[in-house]
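Input: a single structure, listed below in structure tokens.
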Amino acid sequence: MKKIRLILGDQLSHSISSLEGCDKLNDIILICEVIEEASYVKHHKKKIAFLFSAMRHFANELTELGYTVSYVKLDDELNTGSFLGEIKRLIADEPCGQVVVTQPGEYRLLKDIRSWESELGVAIEVRADNRFLSTPEEFSSWASERKQIRMEYFYRNVRRDYGILMEGKEPVGGKWNYDGDNRKSPNASLSIPPPYHSNIDSITEDVIKLVSERFSDHFGDILPFQFAVTRNQALEALKQFIEHRLYYFGDYQDAMLEGEPWMYHSHLSFYLNCGLLLPMECVRAAEQAYYDGYAPLNSVEGFIRQIVGWREYVRGVYWHKMPGYKAENFFDAKRKLPEFYWTAKTKMNCLSQCVTETKENAYAHHIQRLMVLGNFALLTGIAPDEVNEWFLTVYADAYEWVELPNVSGMVLFADGGYLASKPYASGGSYINKMSDYCKSCQYSVSKKNGEKACPFNYLYWSFLAKNREKLSSNHRLRMMYTVFDRMPDNKKAEIEHDSNTFLGSLK
Ligand code: FAD
Ligand code: DLZ
Ligand code: SF4
């Protein structure tokens, strides 16, 4: 019986489960650019161009390997604009008995897919996504046994299960986590290597033209375009990271410098999340660099923790808590997203830098997302729906399974502390310590109150004061509430006044 093997835009792995057992003579692989997926949020132009180019290259690779591929381009005349429409169209030409698909990365699409069987009158087989190191079921059973879940314990289990950086039953070096060594402030003398840069071929050129025409009203710059769009290119990007950046990854993991969007990060999330790279090959490459003496343990362990710890953990949380997770709003935050998240027009230099780089690159590194863009959203009480939509729109690595837990769980604490043990809230001093942004800011980070004071400074205290009922029992915040309580009343009044004035002016 002929089968359709539907491969989604973020499933571009030759080993993807939907291809297992594929009968090259009989089965048809369907890959389609559909407007429904390209516009359910107004994705950054570079994200769409990246995915379409990677999809087209992947389809060509499969054809060369002897598979029958039906590839639908966005501007094909008969393109119906949806997966369901495209499957119907294919079945009308090529009757088939089953559609096989790997579980998508977003709940909304899984729900949709589950409704196709009755629509199509054809069996749908949804297979587990075999690109992760743990399954949603394993995560749920681990999480259900615990009152409180924490990434660190989940991460240790994955290290043990896969024998990653282990010496028998003990972690290499005697410690599981070297995060304490990974907080070096940046300095202008750092010589940061240039990031991976692909050459634009005719496929990418076509896609850039298409996206520029069809999505001109979407956020972001399409050029310069430098992402890898094939597996071989992504492997080259991985190699370059291991050779040139991994050494300092740990030391400068939290550091931010004006005009240096890439720092010592790997910039591999785009490729991991769309399937061009697999997590284990990145982990083993880093581990090998440590054993070969090319990279220190704090960097290697830190990088590996992001992939086998945080990445797997947030995915587990997503599937364990959906669909309810999306609606959670612990602080009852209601504010609209300020306009500067799109324009970068704000006097706050850190925010302006991070939005500008996001617009240019469809990328910002973790600390920019968490401690600048996210911290501001948390302290000013922006509604989780608005923040989630922005983060899902602007980054080329964004899919709901990874974006939502990071935003609602890690940044906004909208789940009341399910994912993280305390809100990642901070005043300006953290940003000043970890970046050079404050030097050229119109606000003064050392001023705590008044017109010139860094807004993060008073917003931090006002956030704690406003949410006292919900947060004061959190033992990790106890010291901060003690500091606040010792402040004289006139200081507290100033904080409230400055916060209200600032929030009142926010558009
Ligand atoms: P590196 O710093 O080099 O880290 C290596 C890899 O570890 C990354 O490629 C990524 O696969 C993984 N990783 C690191 N941190 C996380 C994390 N917290 N969650 C999941 N994986 C992680 N990551 C996404 O892939 N997609 C998103 O949509 C996304 N949204 C985020 C939103 C917010 C508010 C925050 C705070 C974080 C978000 N992250 C997201 C996590 C992280 O910021 C990115 O994975 C990272 O910046 C990607 O850049 P990199 O490849 O250079 O990462
Ligand atoms: C993000 C995206 C975009 C922009 N376009 C497509 C597309 O045209 N066709 C496709 O198969 N996938 C696309 N994707 C990725 C999907 O949105 C992704 O598979 C789901 O969000 C599930 O993670
Ligand atoms: Fe950001 Fe405050 Fe520093 Fe300005 S002074 S860059 S607003 S942290």
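In the structure tokens, each chain is lettered A, B, ... as it comes, each chain's residues begin at 1, and ligands are numbered from 1 in order of appearance.
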
Using only C-alpha atoms and all ligand atoms, which residues of the polymer chains come no farther than 7 Å from ligand 1? I'd like the answer as an MDAnalysis selection string.
chainID A and resid 253 265:270 272:273 303 306:307 310:311 314 364:367 369:370 374 391:392 395 397:400 402:403 406:407 410:411

Please identify all polymer residues within 12 Å of Ile200 in chain A, counting only C-alpha atoms, omitting same-chain residues fewer than 6 positions from it, and present them as a PyMOL selection string.
chain A and resi 49-50+53-54+206-208+223-230+233

Write out as a tab-separated table a residue-level contact list of chain A versus ligand 3 with cut-off 12 Å: for each qualifying residue the closest pair of atoms and the distance in Å to one decimal, counting only C-alpha atoms and all ligand atoms, rows sorted by chain and residue number upward.
```
residue	atom	partner	partner_atom_place_in_ligand_line	distance
A:Met256	CA	ligand 3	6 (S)	11.0
A:Leu257	CA	ligand 3	6 (S)	11.1
A:Glu258	CA	ligand 3	6 (S)	10.2
A:Thr346	CA	ligand 3	7 (S)	9.2
A:Lys347	CA	ligand 3	7 (S)	7.3
A:Met348	CA	ligand 3	7 (S)	4.0
A:Asn349	CA	ligand 3	6 (S)	4.4
A:Cys350	CA	ligand 3	6 (S)	4.1
A:Leu351	CA	ligand 3	1 (Fe)	6.5
A:Ser352	CA	ligand 3	6 (S)	8.6
A:Gln353	CA	ligand 3	6 (S)	8.8
A:Cys354	CA	ligand 3	1 (Fe)	10.3
A:Gln368	CA	ligand 3	1 (Fe)	11.1
A:Met371	CA	ligand 3	8 (S)	9.7
A:Val372	CA	ligand 3	1 (Fe)	7.6
A:Leu373	CA	ligand 3	1 (Fe)	10.2
A:Asn375	CA	ligand 3	8 (S)	10.5
A:Phe376	CA	ligand 3	7 (S)	9.6
A:Ser426	CA	ligand 3	8 (S)	9.6
A:Gly427	CA	ligand 3	8 (S)	7.3
A:Gly428	CA	ligand 3	8 (S)	4.0
A:Ser429	CA	ligand 3	8 (S)	6.7
A:Tyr430	CA	ligand 3	8 (S)	7.6
A:Ile431	CA	ligand 3	8 (S)	5.1
A:Asn432	CA	ligand 3	3 (Fe)	5.6
A:Lys433	CA	ligand 3	8 (S)	9.4
A:Met434	CA	ligand 3	8 (S)	9.9
A:Ser435	CA	ligand 3	3 (Fe)	8.4
A:Asp436	CA	ligand 3	6 (S)	7.9
A:Tyr437	CA	ligand 3	6 (S)	4.6
A:Cys438	CA	ligand 3	3 (Fe)	3.5
A:Lys439	CA	ligand 3	6 (S)	7.2
A:Ser440	CA	ligand 3	6 (S)	7.2
A:Cys441	CA	ligand 3	4 (Fe)	4.6
A:Gln442	CA	ligand 3	4 (Fe)	6.5
A:Tyr443	CA	ligand 3	5 (S)	4.8
A:Ser444	CA	ligand 3	5 (S)	4.8
A:Val445	CA	ligand 3	5 (S)	3.9
A:Ser446	CA	ligand 3	5 (S)	7.7
A:Lys447	CA	ligand 3	5 (S)	8.6
A:Lys448	CA	ligand 3	2 (Fe)	10.0
A:Asn449	CA	ligand 3	2 (Fe)	11.7
A:Glu451	CA	ligand 3	5 (S)	12.0
A:Lys452	CA	ligand 3	5 (S)	9.0
A:Ala453	CA	ligand 3	5 (S)	7.4
A:Cys454	CA	ligand 3	2 (Fe)	4.1
A:Pro455	CA	ligand 3	7 (S)	6.0
A:Phe456	CA	ligand 3	2 (Fe)	5.8
A:Asn457	CA	ligand 3	2 (Fe)	7.4
A:Tyr458	CA	ligand 3	2 (Fe)	10.3
A:Leu459	CA	ligand 3	2 (Fe)	10.7
A:Tyr460	CA	ligand 3	2 (Fe)	11.4
```

What's the 8 Å shell around Leu84 in chain A, counting only C-alpha atoms, without same-chain residues fewer than 3 positions away, as a PyMOL selection string?
chain A and resi 87-88+116

Selected residues, C-alpha atoms, written as a PDB file, in the first residue's frame, please.
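The resulting file, result_11.pdb, is shown below:
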```pdb
ATOM      1  CA  ILE A  87      -2.263  15.956   1.246  1.00  0.00           C
ATOM      2  CA  LYS A  88      -5.756  15.988  -0.317  1.00  0.00           C
ATOM      3  CA  TRP A 116      -7.043  14.689   9.553  1.00  0.00           C
TER       4      TRP A 116
END
```

To one decimal place in Å, what is the distance between CA of Ala344 in chain A and CA of Thr204 in chain A?
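Those two atoms sit 28.1 Å apart.
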
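Of the residues under consideration (A:Pro423, A:Gly21, A:Gly302, A:Gly275), A:Gly302 shows the shortest atom-to-atom contact distance to Asn177 in chain A when counting only C-alpha atoms.
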
What residues of the protein or nucleic acid chains come within 9 Å of ligand 2 when you use only C-alpha atoms and all ligand atoms? Reply as a PyMOL selection string.
chain A and resi 6-11+31-45+47-52+55+73-74+81-83+103-110+273-274+396+398-401

Those residues you just picked out, can you put them in a file as a tab-separated table (two decimals), in the first residue's frame with C-alpha atoms?
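The resulting file, out_29.tsv, is reproduced below:
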```tsv
chain	number	residue	atom	x	y	z
A	6	LEU	CA	4.91	14.00	5.32
A	7	ILE	CA	8.08	15.81	6.43
A	8	LEU	CA	7.64	19.16	8.15
A	9	GLY	CA	10.00	22.09	7.80
A	10	ASP	CA	11.67	21.39	11.14
A	11	GLN	CA	12.10	17.66	10.49
A	31	ILE	CA	7.39	18.44	1.75
A	32	CYS	CA	5.47	21.66	1.33
A	33	GLU	CA	5.85	25.37	1.83
A	34	VAL	CA	2.43	26.43	3.08
A	35	ILE	CA	1.20	29.90	3.92
A	36	GLU	CA	-0.58	28.59	7.02
A	37	GLU	CA	2.77	27.70	8.61
A	38	ALA	CA	4.58	30.73	7.26
A	39	SER	CA	2.06	33.12	8.74
A	40	TYR	CA	0.47	31.66	11.92
A	41	VAL	CA	2.83	34.17	13.48
A	42	LYS	CA	4.60	36.74	11.32
A	43	HIS	CA	7.96	34.97	11.43
A	44	HIS	CA	11.16	36.96	10.90
A	45	LYS	CA	11.95	37.06	7.17
A	47	LYS	CA	13.62	32.46	9.55
A	48	ILE	CA	11.29	31.77	6.61
A	49	ALA	CA	14.10	32.08	4.06
A	50	PHE	CA	16.31	29.78	6.13
A	51	LEU	CA	13.65	27.10	6.46
A	52	PHE	CA	12.46	27.23	2.86
A	55	MET	CA	13.64	22.36	2.93
A	73	LYS	CA	6.74	25.62	-3.42
A	74	LEU	CA	4.91	28.52	-1.84
A	81	GLY	CA	-1.77	26.87	1.57
A	82	SER	CA	-2.24	24.11	4.16
A	83	PHE	CA	-0.83	20.66	4.93
A	103	GLN	CA	5.15	14.15	15.87
A	104	PRO	CA	5.31	17.89	15.24
A	105	GLY	CA	7.00	20.29	17.64
A	106	GLU	CA	3.86	22.28	18.37
A	107	TYR	CA	0.69	21.22	20.14
A	108	ARG	CA	-1.60	23.17	17.78
A	109	LEU	CA	-0.32	21.17	14.80
A	110	LEU	CA	-0.52	17.83	16.60
A	273	ASN	CA	15.77	22.57	15.88
A	274	CYS	CA	15.13	21.96	12.18
A	396	ALA	CA	15.10	31.67	13.58
A	398	ALA	CA	11.80	29.46	17.58
A	399	TYR	CA	9.19	26.70	17.74
A	400	GLU	CA	6.64	26.59	20.47
A	401	TRP	CA	8.04	23.47	22.20
```

Run DSSP on the backbone and grab whatever in range 18-91 of chain A lands in helix (DSSP H, G or I); send it over as a ChimeraX atom specification.
/A:18-19,35-39,45-64,83-91

Near Asn232 in chain A, within 10 Å and counting only C-alpha atoms, which residues show up once chain neighbours fewer than 4 positions away are dropped, as an MDAnalysis selection string?
chainID A and resid 228 236:238 276:277

May I have the selected residues written with C-alpha atoms, as an mmCIF file, in the first residue's frame?
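So out.cif came out as:
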```cif
data_model
loop_
_atom_site.group_PDB
_atom_site.id
_atom_site.type_symbol
_atom_site.label_atom_id
_atom_site.label_comp_id
_atom_site.auth_asym_id
_atom_site.auth_seq_id
_atom_site.Cartn_x
_atom_site.Cartn_y
_atom_site.Cartn_z
ATOM 1 C CA ALA A 228 23.853 26.959 6.836
ATOM 2 C CA GLU A 236 30.902 22.726 9.072
ATOM 3 C CA ALA A 237 29.294 25.297 11.421
ATOM 4 C CA LEU A 238 29.555 22.745 14.253
ATOM 5 C CA LEU A 276 20.112 19.502 10.132
ATOM 6 C CA LEU A 277 22.121 18.572 13.232
#
```

Would you kindly return, as a PyMOL selection string, each protein, DNA or RNA residue with an atom no farther than 12 Å from any atom of Gln288 in chain A, considering only C-alpha atoms and excluding same-chain residues fewer than 3 positions away?
chain A and resi 164-165+239+242-243+246+280-285+291-297+300-301+304

Report the distance between CA of Gly324 in chain A and CA of Tyr271 in chain A in Å, rounded to one decimal place.
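Computed distance, CA of Gly324 in chain A to CA of Tyr271 in chain A, equals 28.6 Å.
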